[in-house]
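**Q** This is the content of my_file15.tsv (TSV, C-alpha atoms):
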```
chain	number	residue	atom	x	y	z
S	297	MET	CA	97.42	106.77	99.11
S	298	LEU	CA	94.44	105.81	101.11
S	299	LEU	CA	93.56	102.14	101.10
S	300	LEU	CA	90.77	100.78	103.28
S	301	PHE	CA	89.66	97.18	103.75
S	302	LEU	CA	86.14	97.00	105.24
S	303	ALA	CA	84.50	93.94	106.78
S	304	SER	CA	81.61	92.32	104.94
S	305	SER	CA	80.00	88.96	105.58
S	306	LEU	CA	79.16	88.78	101.88
S	307	SER	CA	82.35	89.73	100.12
S	308	PHE	CA	85.44	90.48	102.16
S	309	ALA	CA	87.72	89.17	104.88
S	310	ALA	CA	87.53	90.93	108.25
S	311	PRO	CA	90.06	93.74	108.71
S	312	THR	CA	92.87	93.75	111.22
S	313	THR	CA	95.73	96.14	111.99
S	314	VAL	CA	99.49	95.98	111.64
S	315	SER	CA	101.34	95.24	114.90
S	316	GLY	CA	98.25	96.11	116.93
S	317	GLN	CA	98.41	99.81	115.97
S	318	ARG	CA	95.71	101.24	113.75
S	319	ASN	CA	96.96	103.17	110.74
S	320	PRO	CA	94.05	104.84	108.88
S	321	ASP	CA	96.21	105.21	105.76
S	322	ALA	CA	97.19	101.55	105.68
S	323	GLU	CA	94.37	99.26	106.78
S	324	THR	CA	95.07	95.59	106.11
S	325	ALA	CA	93.12	92.35	105.71
S	326	ASN	CA	93.49	88.87	107.11
S	327	GLU	CA	95.02	86.01	105.14
S	328	PRO	CA	92.99	85.35	101.95
S	329	LEU	CA	90.32	82.71	102.36
S	330	ALA	CA	90.44	79.61	100.19
S	331	ASP	CA	87.15	80.46	98.48
S	332	MET	CA	88.14	84.00	97.53
S	333	GLY	CA	88.65	85.28	94.00
S	334	ARG	CA	91.14	88.01	93.18
S	335	LEU	CA	90.35	91.49	91.91
S	336	VAL	CA	93.28	93.43	90.48
S	337	ILE	CA	92.77	97.17	89.97
S	338	GLU	CA	95.29	98.87	87.69
S	339	SER	CA	94.84	102.64	87.97
S	340	ARG	CA	96.44	104.97	85.46
S	341	VAL	CA	94.75	108.03	87.01
S	342	PRO	CA	93.68	109.02	90.56
S	343	THR	CA	90.90	106.59	91.41
S	344	GLU	CA	88.45	105.61	94.14
S	345	VAL	CA	86.76	102.20	93.93
S	346	LEU	CA	83.77	100.80	95.83
S	347	VAL	CA	82.68	97.15	95.59
S	348	ASP	CA	79.13	96.29	96.69
S	349	GLY	CA	79.00	99.70	98.36
S	350	HIS	CA	82.22	99.17	100.34
S	351	LYS	CA	85.17	101.50	99.76
S	352	MET	CA	88.07	99.32	98.69
S	353	MET	CA	90.79	101.73	97.69
S	354	GLN	CA	91.70	105.31	96.81
S	355	LEU	CA	94.85	106.14	94.89
S	356	PHE	CA	96.11	109.63	94.27
S	357	THR	CA	98.71	108.43	91.76
S	358	SER	CA	98.85	105.57	89.28
S	359	GLY	CA	99.35	102.13	90.81
S	360	THR	CA	98.15	98.55	91.08
S	361	SER	CA	96.20	97.03	93.98
S	362	MET	CA	94.94	93.49	94.54
S	363	PHE	CA	92.06	92.38	96.74
S	364	ASP	CA	90.49	89.10	97.83
S	365	VAL	CA	86.78	89.11	96.97
S	366	ARG	CA	84.21	86.34	97.04
S	367	PRO	CA	83.39	85.04	93.51
S	368	GLY	CA	80.25	86.18	91.73
S	369	LYS	CA	78.82	89.31	90.16
S	370	ARG	CA	79.81	92.42	92.12
S	371	ARG	CA	78.57	95.98	91.83
S	372	VAL	CA	81.55	98.25	91.27
S	373	ARG	CA	81.55	102.04	91.36
S	374	VAL	CA	84.64	103.85	90.12
S	375	TYR	CA	85.27	107.55	90.76
S	376	THR	CA	87.65	109.48	88.52
S	377	ASN	CA	87.84	113.28	88.71
S	378	GLY	CA	84.94	113.08	91.17
S	379	ASN	CA	82.66	111.47	88.58
S	380	PRO	CA	81.16	108.02	89.31
S	381	GLN	CA	80.81	105.18	86.84
S	382	ASP	CA	78.88	102.02	87.73
S	383	LEU	CA	79.46	98.56	86.31
S	384	VAL	CA	78.97	94.89	87.18
S	385	VAL	CA	82.16	92.81	87.41
S	386	GLU	CA	82.25	89.02	87.48
S	387	ILE	CA	84.78	87.85	90.08
S	388	MET	CA	86.10	84.46	89.02
S	389	PRO	CA	87.01	81.75	91.59
S	390	THR	CA	90.32	81.08	89.82
S	391	GLY	CA	92.80	83.37	88.13
S	392	GLU	CA	92.40	87.14	88.44
S	393	THR	CA	89.70	89.60	87.45
S	394	ILE	CA	91.32	92.76	86.04
S	395	LEU	CA	89.87	96.27	86.29
S	396	ILE	CA	91.89	98.86	84.38
S	397	VAL	CA	91.08	102.51	85.03
S	398	GLY	CA	92.63	104.62	82.29
S	399	ARG	CA	92.45	108.19	81.09
S	400	THR	CA	89.91	107.35	78.40
S	401	GLY	CA	87.71	104.86	80.24
S	402	ILE	CA	87.43	101.64	82.22
S	403	THR	CA	88.05	98.14	80.89
S	404	THR	CA	87.72	94.72	82.52
S	405	GLY	CA	89.15	91.30	81.75
S	406	GLN	CA	90.35	87.99	83.13
S	407	ARG	CA	93.85	86.67	83.71
S	408	THR	CA	94.27	82.92	84.03
S	409	ALA	CA	96.34	81.47	86.82
S	410	ALA	CA	99.40	80.70	84.75
S	411	GLU	CA	102.42	79.14	86.38
S	412	ASN	CA	105.66	81.08	86.27
S	413	PRO	CA	108.76	79.24	85.01
S	414	THR	CA	111.01	78.26	87.92
S	415	ASP	CA	113.84	80.29	86.43
S	416	ALA	CA	111.79	83.49	85.83
S	417	VAL	CA	113.47	86.52	87.39
S	418	ALA	CA	111.92	89.88	88.21
S	419	LYS	CA	113.99	93.05	88.08
S	420	ILE	CA	112.69	95.37	90.79
S	421	SER	CA	113.35	99.07	91.33
S	422	PHE	CA	112.51	100.31	94.83
S	423	ARG	CA	111.89	104.03	95.18
S	424	ALA	CA	111.11	106.18	98.24
S	425	ALA	CA	108.54	108.93	97.74
S	426	GLY	CA	108.90	112.11	99.75
S	427	ASP	CA	111.94	112.94	101.86
S	428	ILE	CA	111.88	110.05	104.37
S	429	ALA	CA	113.85	106.81	104.00
S	430	SER	CA	112.08	103.44	104.29
S	431	GLN	CA	113.38	100.10	105.49
S	432	ILE	CA	112.29	97.11	103.40
S	433	ARG	CA	112.20	93.55	104.69
S	434	LEU	CA	111.66	91.24	101.74
S	435	GLY	CA	112.01	87.57	102.59
S	436	LYS	CA	115.52	87.27	104.06
S	437	GLU	CA	116.60	90.57	102.52
S	438	ARG	CA	116.74	93.76	104.60
S	439	PHE	CA	117.71	97.12	103.11
S	440	THR	CA	116.95	100.83	103.27
S	441	VAL	CA	115.63	102.90	100.38
S	442	GLN	CA	116.76	106.50	100.52
S	443	PRO	CA	114.81	109.42	99.01
S	444	ASP	CA	115.68	110.35	95.43
S	445	THR	CA	117.50	107.05	94.86
S	446	ILE	CA	116.66	103.73	93.24
S	447	TYR	CA	117.45	100.45	94.97
S	448	PRO	CA	117.66	97.68	92.33
S	449	LEU	CA	117.03	94.04	93.20
S	450	GLU	CA	116.48	90.80	91.30
S	451	LEU	CA	114.17	88.12	92.71
S	452	ALA	CA	112.66	84.90	91.46
S	453	ALA	CA	109.07	85.15	90.24
S	454	GLY	CA	106.48	84.15	92.81
S	455	ARG	CA	105.18	85.35	96.17
S	456	HIS	CA	107.48	87.07	98.68
S	457	ASP	CA	106.68	88.28	102.18
S	458	ILE	CA	107.39	92.00	102.50
S	459	SER	CA	107.10	94.74	105.09
S	460	VAL	CA	107.76	98.47	104.79
S	461	ARG	CA	109.04	100.19	107.93
S	462	SER	CA	110.57	103.36	109.24
S	463	ALA	CA	114.30	103.63	108.61
S	464	ASP	CA	115.09	102.32	112.11
S	465	GLY	CA	112.66	99.42	111.69
S	466	THR	CA	110.52	100.27	114.72
S	467	ALA	CA	107.32	101.40	112.94
S	468	ILE	CA	105.63	99.06	110.45
S	469	TRP	CA	103.83	101.00	107.74
S	470	ALA	CA	102.71	98.06	105.61
S	471	SER	CA	102.93	94.27	105.65
S	472	GLY	CA	101.88	91.73	103.06
S	473	VAL	CA	102.92	89.79	99.99
S	474	LEU	CA	104.71	91.02	96.87
S	475	THR	CA	103.76	88.81	93.91
S	476	LEU	CA	106.19	88.91	90.99
S	477	ASP	CA	105.44	87.61	87.50
S	478	GLY	CA	108.96	88.18	86.20
S	479	GLY	CA	109.88	91.15	84.01
S	480	LYS	CA	110.26	94.69	85.37
S	481	VAL	CA	108.61	95.94	88.53
S	482	VAL	CA	108.67	99.35	90.23
S	483	VAL	CA	107.81	99.54	93.94
S	484	GLN	CA	107.30	103.00	95.40
S	485	VAL	CA	107.18	103.29	99.19
S	486	ALA	CA	106.38	106.17	101.51
S	487	GLU	CA	105.87	106.87	105.20
S	488	GLY	CA	102.61	105.39	106.52
S	489	ARG	CA	101.37	104.15	103.15
S	490	LEU	CA	101.00	100.89	101.28
S	491	PRO	CA	103.49	100.24	98.47
S	492	GLU	CA	102.46	101.33	94.99
S	493	VAL	CA	103.47	98.66	92.48
S	494	THR	CA	103.60	99.05	88.71
S	495	GLY	CA	104.78	96.63	86.07
S	496	ASP	CA	104.73	92.83	86.33
S	497	GLY	CA	103.92	92.58	90.01
S	498	ARG	CA	101.40	93.47	92.71
S	499	PHE	CA	101.16	93.96	96.46
S	500	THR	CA	98.56	92.31	98.71
S	501	ALA	CA	98.19	93.70	102.24
S	502	ARG	CA	97.50	91.47	105.19
S	503	GLY	CA	97.77	91.42	108.99
S	504	GLY	CA	101.20	91.48	110.72
```
Can you dump the structure from the file as structure tokens?

**A**
Amino acid sequence: MLLLFLASSLSFAAPTTVSGQRNPDAETANEPLADMGRLVIESRVPTEVLVDGHKMMQLFTSGTSMFDVRPGKRRVRVYTNGNPQDLVVEIMPTGETILIVGRTGITTGQRTAAENPTDAVAKISFRAAGDIASQIRLGKERFTVQPDTIYPLELAAGRHDISVRSADGTAIWASGVLTLDGGKVVVQVAEGRLPEVTGDGRFTARGG
């Protein structure tokens, strides 16, 4: 998965790198600004998305990505199977703007900023793609996900700091926040890539 965050004085936070080392497959952004809206892209097919002419993400498998974008009407171009489709998306200052890219077309919508019950619990399944193990640091938890296995975990709904590393913990492949709404969540990790999250959760990349 190729995910690029590009600087823009109009729409986006300036990019930075993880642990001072540039990873072209896992560019990250600074902490979200207070005046940013949120754009959530749920891709059911391989997808490339540009916002105001800036390449935001490219997924080769299905997955969910979340970005911090300044509110207002934004020009969005979505490529599927190499074919572009242009649309205007209204980024709201509160809640989340949803862009769903499916096999039969593209739909948009809004999700209000609903509060999760304090006792809501998310059931997470961590999976390692490929043949290389990944170390996960999630809040105070630290564990290793082996290839061809599922690591189950239950966490309270909300935002959790997360990093994905090499099995020995020396190389950081991705760092950010895992937001859980409760329900079931699948997190797929791989060497040098950002996590792919499906279900009732999403990953937001950020610096170190």

**Q** Choose the residue, out of S:Val493, S:Val372, S:Leu451, S:Ile402, that has the smallest atom-to-atom separation from Leu434 (chain S); count all atoms listed in the file.

**A**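 So, comparing all the options, the nearest one is S:Leu451.
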
**Q** Find the residues near Gly435 (chain S): any atom within 7 Å, counting only C-alpha atoms, skip ones fewer than 6 places away on the same chain, and give them as a PDB file with C-alpha atoms, in the coordinates of the input.

**A**
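Dumped everything to part.pdb:
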```pdb
ATOM      1  CA  HIS S 456     107.480  87.070  98.680  1.00  0.00           C
ATOM      2  CA  ASP S 457     106.680  88.280 102.180  1.00  0.00           C
ATOM      3  CA  ILE S 458     107.390  92.000 102.500  1.00  0.00           C
TER       4      ILE S 458
END
```

**Q** Distance CA of Ile446 (chain S)-CA of Ile394 (chain S), one decimal place?

**A**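 Pair CA of Ile446 (chain S) / CA of Ile394 (chain S) returns 28.5 Å.
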
**Q** Near region 479-485 of chain S, counting only C-alpha atoms, which residues have an atom at most 7 Å away, once you skip same-chain residues fewer than 2 positions from it, shown as a ChimeraX atom specification?

**A** /S:417-425,477,490-497

**Q** Write the residues of the preceding selection, restricted to C-alpha atoms, as a short mmCIF file (atom, residue, chain, number, x, y, z; two decimals), in the coordinates of the input.

**A**
```
data_model
loop_
_atom_site.label_atom_id
_atom_site.label_comp_id
_atom_site.auth_asym_id
_atom_site.auth_seq_id
_atom_site.Cartn_x
_atom_site.Cartn_y
_atom_site.Cartn_z
CA VAL S 417 113.47 86.52 87.39
CA ALA S 418 111.92 89.88 88.21
CA LYS S 419 113.99 93.05 88.08
CA ILE S 420 112.69 95.37 90.79
CA SER S 421 113.35 99.07 91.33
CA PHE S 422 112.51 100.31 94.83
CA ARG S 423 111.89 104.03 95.18
CA ALA S 424 111.11 106.18 98.24
CA ALA S 425 108.54 108.93 97.74
CA ASP S 477 105.44 87.61 87.50
CA LEU S 490 101.00 100.89 101.28
CA PRO S 491 103.49 100.24 98.47
CA GLU S 492 102.46 101.33 94.99
CA VAL S 493 103.47 98.66 92.48
CA THR S 494 103.60 99.05 88.71
CA GLY S 495 104.78 96.63 86.07
CA ASP S 496 104.73 92.83 86.33
CA GLY S 497 103.92 92.58 90.01
#
```

**Q** In terms of the shortest atom-to-atom distance over only C-alpha atoms, which of S:Gly405, S:Gly398, S:Gly391, S:Gly488 is closest to Asp364 (chain S)?

**A** S:Gly391

**Q** Leaving out Phe356 (chain S) and any residue of its chain fewer than 4 positions from it, which residues lie within 12 Å of it when counting all atoms listed in the file, given as a PyMOL selection string?

**A** chain S and resi 297-299+339-345+360+375-377+489+492

**Q** Starting from the point (109.0, 102.2, 111.7), work out which residues of protein, DNA or RNA have an atom no more than 12 Å away when counting all atoms listed in the file; state them as a PyMOL selection string.

**A** chain S and resi 314-315+317+428-433+440+459-471+486-489

**Q** Skipping near chain neighbours, those fewer than 3 positions away, what residues fall within 10 Å of Val385 (chain S) using all atoms listed in the file, listed as a list in words?

**A**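 Answer for this query is Leu335, Val347, Pro367, Gly368, Lys369, Arg370, Arg371, Val372, Asp382, Met388, Thr393, Ile394, Leu395, Thr404 and Gly405 of chain S.
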
**Q** How far is it from CA of Asp348 (chain S) to CA of Val384 (chain S), in Å with one decimal?

**A**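 Pair CA of Asp348 (chain S) / CA of Val384 (chain S) returns 9.6 Å.
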